[in-house]
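Taking it in order: structure first as structure tokens, then the write-up.
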Amino acid sequence: MISPPVIMLMCFIISHEGLYGQDIDHGPGFQTSVMKNPAFAGSNGESMLRLSYLNLLPGRNYNLHSVYASYDSYFPAIHGGAGFYVANDYIGGIINDIKGGLSYSYFLQAGKDFFINAGLSASFIHRGFNFGNAVLPDMIDNMGGVSLPTSDVLSEKGRSVVDVGTGFLFIWNRIFAGFSILHLAEPDLSGSGASVESLKRKYSIVASGELEINKKNHLNARPMALLELQGDYFIAGAGSVIESNHLSVNALVLADNNKNIDIQTGFSIHSGSLIFLYNYRFNLSSVNQLYPFSLVHQTGLAFSLNNVEKRIRVKTIKIPEL
């Protein structure tokens with residue numbers, strides 16, 4: 001019989017859109033905000049360097065990993081924020097997606113307490129292949145073993161495409177909401193020219209605010225909600241972050257149209273200009289039982305390099321540290 005890891009990996013690649021949409025799910029939160037919505041560039045009021053690592057479906061030896069790095073800041077000369085990101089999604093040793101992009105956000109004061117950031121991003125995606133360890137259907141013998149040579153000729157030639165995205169961030173007092181559209185160009189990573197192979201536009205909405213629990217102890221709650229739609233796949237979530245001066249804890253419930261219900265919990269530790277975070281996502285309910293219990297481990301670091309000058313009239317926000 002074919003081993004479960006081989007079956008799962010083949011299902012993951014073939015049904016990639018049904019499981020995670022067409023993009024690797026880097027998860028909600030401030031670590032990937034510049035990639036998911038260019039309007040967030042510089043909105044934190046600090047120059048931020050963010051690094052994170054994700055191990056997807058851990059414990060099953062599926063070899064699914066992703067690393068991410070970004071930098072963004074506010075720049076008075078351009079009346080807004082700018083930043084860049086780089087990500088590498090390593091899928092089972094067969095597919096390797098390298099992504100990178102630049103983001104710009106223009107800051108506009110639309111009222112006394114109302115601010116709008118309008119963002120634009122330009123990016124590239126390079127998909128590479130390595131079929132050295134791939135198991136194809138004609139390699140499986142009658143006894144279920146993997147022993148026969150394949151008759152398929154597979155090209156390992158990679159493909160690079162360019163892409164653009166846009167987004168908006170609306171800020172009122174201690175409440176903000178962001179809306180973005182990624183993959184406006186709907187790039188074709190396969191090169192086949194078939195519309196079904198093109199990356200579908202991804203629509204994202206996120207909203208959050210700040211509630212003061214104990215002013216003396218600097219204890220705050222940051223509830224948030226999110227929605228993402230790509231093609232026929234959508235996911236929604238809601239939760240909250242409870243934070244103090246040096247520690248934050250979070251919990252978030254996520255549900256998608258494949259009838260999966262996931263829970264993400266985690267914490268972050270603040271020490272001066274350094275933030276360390278850890279998140280763990282697990283599957284609470286899965287109709288087809290395809291998901292294992294453990295879905296994602298995420299660790300990350302964020303470095304605050306400098307603050308926006310107080311004399312500059314810009315509205316900054318505190319993104320929930322998920």
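Just so we're on the same page: first chain in the structure tokens is A, next is B, and so on; residues restart at 1 for each chain, and ligands are numbered from 1 in the order they show up.
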
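For Gln230 in chain A, the non-local neighbours within 6 Å, defined as residues at least 4 positions apart in the same chain or in other chains and counting only C-alpha atoms, are Lys200, Arg201 and Lys202 of chain A.
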
Expected file: the selected residues, N, CA and C atoms, as a PDB file, in the first residue's frame:
ATOM      1  N   LYS A 200      -6.242  33.190  -8.704  1.00  0.00           N
ATOM      2  CA  LYS A 200      -7.459  33.991  -8.602  1.00  0.00           C
ATOM      3  C   LYS A 200      -7.217  35.198  -7.694  1.00  0.00           C
ATOM      4  N   ARG A 201      -7.975  36.251  -7.927  1.00  0.00           N
ATOM      5  CA  ARG A 201      -7.861  37.420  -7.074  1.00  0.00           C
ATOM      6  C   ARG A 201      -8.245  37.054  -5.634  1.00  0.00           C
ATOM      7  N   LYS A 202      -7.463  37.590  -4.709  1.00  0.00           N
ATOM      8  CA  LYS A 202      -7.722  37.327  -3.297  1.00  0.00           C
ATOM      9  C   LYS A 202      -8.237  38.613  -2.641  1.00  0.00           C
TER      10      LYS A 202
END

> Do you know which residues are at most 10 Å from range 177-179 of chain A counting only C-alpha atoms, after dropping those on the same chain fewer than 2 positions away, and could you put them as number ranges by chain?
Replying inline: A: 36-40, 116-118, 166-172, 175, 181, 203-209, 224-228

Take the residues that were just selected and, keeping N, CA and C atoms, output them as a PDB file, in the first residue's frame.
ATOM      1  N   LYS A  36      -0.131  41.144   2.847  1.00  0.00           N
ATOM      2  CA  LYS A  36      -1.561  40.935   2.633  1.00  0.00           C
ATOM      3  C   LYS A  36      -2.305  42.207   2.270  1.00  0.00           C
ATOM      4  N   ASN A  37      -1.782  43.357   2.698  1.00  0.00           N
ATOM      5  CA  ASN A  37      -2.430  44.625   2.380  1.00  0.00           C
ATOM      6  C   ASN A  37      -1.365  45.721   2.365  1.00  0.00           C
ATOM      7  N   PRO A  38      -1.017  46.264   1.178  1.00  0.00           N
ATOM      8  CA  PRO A  38       0.041  47.278   1.107  1.00  0.00           C
ATOM      9  C   PRO A  38      -0.293  48.558   1.873  1.00  0.00           C
ATOM     10  N   ALA A  39      -1.569  48.808   2.185  1.00  0.00           N
ATOM     11  CA  ALA A  39      -1.940  50.005   2.929  1.00  0.00           C
ATOM     12  C   ALA A  39      -1.423  49.983   4.361  1.00  0.00           C
ATOM     13  N   PHE A  40      -1.017  48.815   4.863  1.00  0.00           N
ATOM     14  CA  PHE A  40      -0.485  48.717   6.214  1.00  0.00           C
ATOM     15  C   PHE A  40       0.972  49.169   6.304  1.00  0.00           C
ATOM     16  N   ILE A 116      -7.336  57.757   6.100  1.00  0.00           N
ATOM     17  CA  ILE A 116      -7.368  56.721   5.063  1.00  0.00           C
ATOM     18  C   ILE A 116      -5.957  56.519   4.526  1.00  0.00           C
ATOM     19  N   ASN A 117      -5.526  55.271   4.487  1.00  0.00           N
ATOM     20  CA  ASN A 117      -4.275  54.900   3.825  1.00  0.00           C
ATOM     21  C   ASN A 117      -4.627  54.138   2.551  1.00  0.00           C
ATOM     22  N   ALA A 118      -4.064  54.567   1.434  1.00  0.00           N
ATOM     23  CA  ALA A 118      -4.295  53.889   0.153  1.00  0.00           C
ATOM     24  C   ALA A 118      -2.974  53.260  -0.290  1.00  0.00           C
ATOM     25  N   THR A 166      -3.600  45.939  -4.387  1.00  0.00           N
ATOM     26  CA  THR A 166      -3.978  47.231  -3.850  1.00  0.00           C
ATOM     27  C   THR A 166      -4.742  47.026  -2.548  1.00  0.00           C
ATOM     28  N   GLY A 167      -4.813  48.087  -1.751  1.00  0.00           N
ATOM     29  CA  GLY A 167      -5.531  47.973  -0.496  1.00  0.00           C
ATOM     30  C   GLY A 167      -5.796  49.329   0.129  1.00  0.00           C
ATOM     31  N   PHE A 168      -6.698  49.335   1.095  1.00  0.00           N
ATOM     32  CA  PHE A 168      -7.053  50.552   1.812  1.00  0.00           C
ATOM     33  C   PHE A 168      -7.122  50.244   3.304  1.00  0.00           C
ATOM     34  N   LEU A 169      -6.798  51.250   4.081  1.00  0.00           N
ATOM     35  CA  LEU A 169      -6.877  51.144   5.537  1.00  0.00           C
ATOM     36  C   LEU A 169      -7.648  52.358   6.056  1.00  0.00           C
ATOM     37  N   PHE A 170      -8.724  52.116   6.804  1.00  0.00           N
ATOM     38  CA  PHE A 170      -9.572  53.171   7.341  1.00  0.00           C
ATOM     39  C   PHE A 170      -9.403  53.194   8.863  1.00  0.00           C
ATOM     40  N   ILE A 171      -9.073  54.355   9.401  1.00  0.00           N
ATOM     41  CA  ILE A 171      -8.777  54.491  10.818  1.00  0.00           C
ATOM     42  C   ILE A 171      -9.675  55.557  11.423  1.00  0.00           C
ATOM     43  N   TRP A 172     -10.368  55.198  12.499  1.00  0.00           N
ATOM     44  CA  TRP A 172     -11.203  56.153  13.232  1.00  0.00           C
ATOM     45  C   TRP A 172     -11.005  55.911  14.717  1.00  0.00           C
ATOM     46  N   ILE A 175     -10.268  52.462  16.275  1.00  0.00           N
ATOM     47  CA  ILE A 175     -10.796  51.380  15.433  1.00  0.00           C
ATOM     48  C   ILE A 175     -10.200  51.496  14.041  1.00  0.00           C
ATOM     49  N   ILE A 181      -7.092  43.778  -2.310  1.00  0.00           N
ATOM     50  CA  ILE A 181      -7.269  42.853  -3.433  1.00  0.00           C
ATOM     51  C   ILE A 181      -5.878  42.508  -3.958  1.00  0.00           C
ATOM     52  N   TYR A 203      -9.414  38.525  -2.037  1.00  0.00           N
ATOM     53  CA  TYR A 203     -10.042  39.657  -1.360  1.00  0.00           C
ATOM     54  C   TYR A 203      -9.935  39.433   0.149  1.00  0.00           C
ATOM     55  N   SER A 204      -9.454  40.450   0.853  1.00  0.00           N
ATOM     56  CA  SER A 204      -9.264  40.322   2.299  1.00  0.00           C
ATOM     57  C   SER A 204      -9.856  41.516   3.025  1.00  0.00           C
ATOM     58  N   ILE A 205     -10.499  41.235   4.137  1.00  0.00           N
ATOM     59  CA  ILE A 205     -11.023  42.267   5.023  1.00  0.00           C
ATOM     60  C   ILE A 205     -10.578  41.934   6.444  1.00  0.00           C
ATOM     61  N   VAL A 206     -10.075  42.915   7.149  1.00  0.00           N
ATOM     62  CA  VAL A 206      -9.711  42.742   8.554  1.00  0.00           C
ATOM     63  C   VAL A 206     -10.128  43.982   9.322  1.00  0.00           C
ATOM     64  N   ALA A 207     -10.636  43.799  10.524  1.00  0.00           N
ATOM     65  CA  ALA A 207     -11.060  44.916  11.364  1.00  0.00           C
ATOM     66  C   ALA A 207     -10.649  44.654  12.800  1.00  0.00           C
ATOM     67  N   SER A 208     -10.260  45.708  13.490  1.00  0.00           N
ATOM     68  CA  SER A 208      -9.824  45.557  14.872  1.00  0.00           C
ATOM     69  C   SER A 208      -9.982  46.879  15.601  1.00  0.00           C
ATOM     70  N   GLY A 209      -9.831  46.834  16.898  1.00  0.00           N
ATOM     71  CA  GLY A 209      -9.913  48.029  17.720  1.00  0.00           C
ATOM     72  C   GLY A 209      -9.206  47.801  19.037  1.00  0.00           C
ATOM     73  N   MET A 224     -10.629  41.325  17.054  1.00  0.00           N
ATOM     74  CA  MET A 224     -10.446  41.434  15.610  1.00  0.00           C
ATOM     75  C   MET A 224     -11.316  40.432  14.887  1.00  0.00           C
ATOM     76  N   ALA A 225     -11.598  40.734  13.617  1.00  0.00           N
ATOM     77  CA  ALA A 225     -12.342  39.828  12.739  1.00  0.00           C
ATOM     78  C   ALA A 225     -11.730  39.910  11.350  1.00  0.00           C
ATOM     79  N   LEU A 226     -11.801  38.826  10.600  1.00  0.00           N
ATOM     80  CA  LEU A 226     -11.206  38.794   9.270  1.00  0.00           C
ATOM     81  C   LEU A 226     -12.026  37.932   8.328  1.00  0.00           C
ATOM     82  N   LEU A 227     -11.853  38.206   7.041  1.00  0.00           N
ATOM     83  CA  LEU A 227     -12.510  37.435   5.989  1.00  0.00           C
ATOM     84  C   LEU A 227     -11.604  37.442   4.768  1.00  0.00           C
ATOM     85  N   GLU A 228     -11.356  36.263   4.174  1.00  0.00           N
ATOM     86  CA  GLU A 228     -10.574  36.151   2.949  1.00  0.00           C
ATOM     87  C   GLU A 228     -11.331  35.298   1.940  1.00  0.00           C
TER      88      GLU A 228
END

> With only C-alpha atoms as the basis for distance, which of A:Pro187, A:Gly83, A:Gly42, A:Pro223 is at the shortest distance from Gly100 in chain A?
Replying inline: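 When distances to Gly100 in chain A are compared using only C-alpha atoms, the smallest one comes from A:Gly83.
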
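Omitting Gly158 in chain A and its sequence neighbours fewer than 4 positions away, and counting only C-alpha atoms, the residues within 8 Å are A:His126, A:Arg127, A:Gly128, A:Phe129.
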
For the residues selected in the previous step, produce a file with C-alpha atoms as a PDB file, in the first residue's frame.
ATOM      1  CA  HIS A 126       8.951  32.309  -9.004  1.00  0.00           C
ATOM      2  CA  ARG A 127       7.816  28.675  -8.910  1.00  0.00           C
ATOM      3  CA  GLY A 128      10.484  26.003  -9.114  1.00  0.00           C
ATOM      4  CA  PHE A 129      10.125  22.218  -9.301  1.00  0.00           C
TER       5      PHE A 129
END

> What residues in range 34-249 of chain A get the DSSP label strand (DSSP E or B)? Please answer as a PyMOL selection string.
Replying inline: chain A and resi 46-56+64-75+80-91+95-109+114-129+140+146+159-172+175-182+188+198+202-209+211-214+219-230+233-243+247-249

Dump as a compact mmCIF listing (two decimals), in the first residue's frame, selection limited to C-alpha atoms:
# COMPACT_ATOMS: atom_id res chain seq x y z
CA GLU A 46 7.65 52.41 13.73
CA SER A 47 10.25 51.02 11.38
CA MET A 48 9.58 47.31 11.75
CA LEU A 49 11.63 44.31 10.65
CA ARG A 50 9.60 41.09 10.87
CA LEU A 51 10.81 37.51 10.52
CA SER A 52 8.72 34.34 10.82
CA TYR A 53 8.85 30.61 10.16
CA LEU A 54 5.88 28.30 9.63
CA ASN A 55 5.80 24.52 9.75
CA LEU A 56 2.56 23.40 8.11
CA LEU A 64 5.80 21.79 4.22
CA HIS A 65 7.62 24.92 5.35
CA SER A 66 7.45 28.65 4.83
CA VAL A 67 9.73 31.51 5.83
CA TYR A 68 8.87 35.20 5.65
CA ALA A 69 10.68 38.51 6.14
CA SER A 70 9.48 42.09 5.74
CA TYR A 71 10.46 45.66 6.53
CA ASP A 72 8.27 48.77 6.52
CA SER A 73 8.37 52.31 7.86
CA TYR A 74 6.83 55.77 7.59
CA PHE A 75 8.73 58.22 5.33
CA GLY A 80 3.20 57.73 3.63
CA GLY A 81 4.72 54.35 4.31
CA ALA A 82 6.78 51.94 2.23
CA GLY A 83 8.15 48.47 2.70
CA PHE A 84 9.14 45.19 1.13
CA TYR A 85 8.68 41.50 1.82
CA VAL A 86 10.26 38.18 0.79
CA ALA A 87 8.71 34.74 1.33
CA ASN A 88 9.76 31.20 0.46
CA ASP A 89 7.13 28.43 0.47
CA TYR A 90 8.67 24.94 0.35
CA ILE A 91 6.00 22.37 -0.52
CA ILE A 95 7.35 22.78 -5.35
CA ASN A 96 9.24 25.84 -4.20
CA ASP A 97 7.60 29.29 -4.45
CA ILE A 98 9.76 32.36 -3.91
CA LYS A 99 7.82 35.62 -3.56
CA GLY A 100 8.87 39.20 -3.12
CA GLY A 101 7.28 42.60 -3.40
CA LEU A 102 7.37 46.33 -2.72
CA SER A 103 4.51 48.18 -1.04
CA TYR A 104 3.62 51.86 -0.82
CA SER A 105 0.88 53.49 1.22
CA TYR A 106 -0.27 57.12 0.96
CA PHE A 107 -1.57 58.61 4.24
CA LEU A 108 -4.58 60.93 4.00
CA GLN A 109 -6.40 62.74 6.80
CA PHE A 114 -10.77 59.86 10.30
CA PHE A 115 -7.75 58.73 8.28
CA ILE A 116 -7.37 56.72 5.06
CA ASN A 117 -4.27 54.90 3.83
CA ALA A 118 -4.30 53.89 0.15
CA GLY A 119 -1.74 51.23 -0.80
CA LEU A 120 -0.28 49.66 -3.92
CA SER A 121 2.11 46.73 -4.27
CA ALA A 122 4.22 45.30 -7.10
CA SER A 123 5.54 41.77 -6.69
CA PHE A 124 7.00 38.71 -8.35
CA ILE A 125 6.49 34.98 -7.86
CA HIS A 126 8.95 32.31 -9.00
CA ARG A 127 7.82 28.68 -8.91
CA GLY A 128 10.48 26.00 -9.11
CA PHE A 129 10.13 22.22 -9.30
CA ILE A 140 3.23 2.11 -8.21
CA VAL A 146 6.82 2.28 -5.34
CA ARG A 159 8.43 29.98 -14.11
CA SER A 160 8.40 33.60 -12.94
CA VAL A 161 5.46 36.00 -13.09
CA VAL A 162 4.78 39.57 -11.96
CA ASP A 163 1.78 40.66 -9.97
CA VAL A 164 0.13 43.73 -8.45
CA GLY A 165 -2.17 44.37 -5.52
CA THR A 166 -3.98 47.23 -3.85
CA GLY A 167 -5.53 47.97 -0.50
CA PHE A 168 -7.05 50.55 1.81
CA LEU A 169 -6.88 51.14 5.54
CA PHE A 170 -9.57 53.17 7.34
CA ILE A 171 -8.78 54.49 10.82
CA TRP A 172 -11.20 56.15 13.23
CA ILE A 175 -10.80 51.38 15.43
CA PHE A 176 -9.40 50.39 12.04
CA ALA A 177 -10.49 48.27 9.09
CA GLY A 178 -8.50 47.18 6.06
CA PHE A 179 -9.56 45.94 2.64
CA SER A 180 -7.24 44.56 -0.04
CA ILE A 181 -7.27 42.85 -3.43
CA LEU A 182 -4.23 40.79 -4.36
CA ASP A 188 -0.49 32.11 -14.69
CA SER A 198 -4.20 31.33 -12.96
CA LYS A 202 -7.72 37.33 -3.30
CA TYR A 203 -10.04 39.66 -1.36
CA SER A 204 -9.26 40.32 2.30
CA ILE A 205 -11.02 42.27 5.02
CA VAL A 206 -9.71 42.74 8.55
CA ALA A 207 -11.06 44.92 11.36
CA SER A 208 -9.82 45.56 14.87
CA GLY A 209 -9.91 48.03 17.72
CA LEU A 211 -10.46 48.38 24.44
CA GLU A 212 -8.87 49.60 27.64
CA ILE A 213 -9.29 47.09 30.47
CA ASN A 214 -6.99 48.52 33.14
CA LEU A 219 -3.94 46.08 30.13
CA ASN A 220 -5.81 46.23 26.81
CA ALA A 221 -7.95 43.97 24.64
CA ARG A 222 -7.76 44.05 20.85
CA PRO A 223 -10.71 42.17 19.31
CA MET A 224 -10.45 41.43 15.61
CA ALA A 225 -12.34 39.83 12.74
CA LEU A 226 -11.21 38.79 9.27
CA LEU A 227 -12.51 37.44 5.99
CA GLU A 228 -10.57 36.15 2.95
CA LEU A 229 -12.02 35.06 -0.39
CA GLN A 230 -10.11 33.52 -3.31
CA TYR A 233 -12.54 29.29 -1.24
CA PHE A 234 -13.22 31.57 1.70
CA ILE A 235 -12.23 31.65 5.35
CA ALA A 236 -13.51 33.82 8.20
CA GLY A 237 -12.28 34.28 11.73
CA ALA A 238 -12.78 36.22 14.96
CA GLY A 239 -10.88 36.47 18.20
CA SER A 240 -8.99 38.78 20.50
CA VAL A 241 -5.58 39.68 21.88
CA ILE A 242 -5.09 40.54 25.55
CA GLU A 243 -1.91 42.51 26.09
CA LEU A 247 3.17 39.96 27.34
CA SER A 248 0.32 39.36 24.92
CA VAL A 249 -1.86 36.27 24.54

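Here CA of Thr316 in chain A and CA of Pro76 in chain A stand 13.5 Å from one another.
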
>> I want to know what sits within 8 Å of range 276-278 of chain A, based on only C-alpha atoms, with residues of the same chain fewer than 6 positions away left out; could you give that as a list in words?
In response: Gly266, Phe267, Ser268, Ile269, His270, His297, Gln298, Thr299, Gly300, Leu301, Ala302 and Leu322 of chain A

>> Report, in Å to a single decimal, how far apart CA of Leu254 in chain A and CA of Ala41 in chain A are.
In response: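 Taking CA of Ala41 in chain A as the start and CA of Leu254 in chain A as the end point, the length is 25.2 Å.
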
> How far is it from CA of Gly45 in chain A to CA of Tyr280 in chain A, in Å with one decimal?
Replying inline: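 Interatomic distance here is 27.6 Å.
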
>> Can you tell me which residues surround Gln264 in chain A at a distance of at most 9 Å, considering only C-alpha atoms, apart from same-chain residues fewer than 2 positions away, and format the answer as a list in words?
In response: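 After dropping sequence-adjacent residues, the list is Asn250, Ala251, Leu252, Val253, Leu254, Asp262, Gly266, Asn279, Tyr280, Arg281, Phe282, Asn283, Val296 and Leu322 of chain A.
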
For the selection just defined, write its residues with C-alpha atoms to a file, as a PDB file, in the first residue's frame.
ATOM      1  CA  ASN A 250      -4.320  35.582  21.735  1.00  0.00           C
ATOM      2  CA  ALA A 251      -7.045  33.209  20.636  1.00  0.00           C
ATOM      3  CA  LEU A 252      -8.764  33.087  17.254  1.00  0.00           C
ATOM      4  CA  VAL A 253     -11.462  30.834  15.775  1.00  0.00           C
ATOM      5  CA  LEU A 254     -11.299  30.220  11.988  1.00  0.00           C
ATOM      6  CA  ASP A 262      -9.684  25.699  13.439  1.00  0.00           C
ATOM      7  CA  GLY A 266      -0.378  31.983  20.869  1.00  0.00           C
ATOM      8  CA  ASN A 279       1.374  30.628  17.440  1.00  0.00           C
ATOM      9  CA  TYR A 280      -0.140  27.178  17.178  1.00  0.00           C
ATOM     10  CA  ARG A 281      -3.158  26.314  15.034  1.00  0.00           C
ATOM     11  CA  PHE A 282      -5.097  23.079  15.388  1.00  0.00           C
ATOM     12  CA  ASN A 283      -8.123  21.602  13.676  1.00  0.00           C
ATOM     13  CA  VAL A 296       0.597  25.073  11.879  1.00  0.00           C
ATOM     14  CA  LEU A 322      -1.118  37.369  16.330  1.00  0.00           C
TER      15      LEU A 322
END

> Taking into account only C-alpha atoms, which residue in the set A:Ala255, A:Met35, A:Leu305, A:Ala77 is nearest to Leu274 in chain A?
Replying inline: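 When distances to Leu274 in chain A are compared using only C-alpha atoms, the smallest one comes from A:Leu305.
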
>> For the structure I just gave you, how does DSSP split range 7-123 of chain A - specifically, which residues are alpha helix (DSSP H)? Reply as a list in words.
In response: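 Residues meeting the alpha helix (DSSP H) criterion: Ile7, Met8, Leu9, Met10, Cys11, Phe12, Ile13, Ile14, His16, Glu17, Gly18, Leu19, Tyr20, Ser33, Val34, Met35 and Lys36 of chain A.
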
> For Gly92 in chain A, which residue among A:His79, A:Arg60, A:Lys215, A:Lys112 is the nearest when counting only C-alpha atoms?
Replying inline: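 Among the listed residues, A:Arg60 lies closest to Gly92 in chain A.
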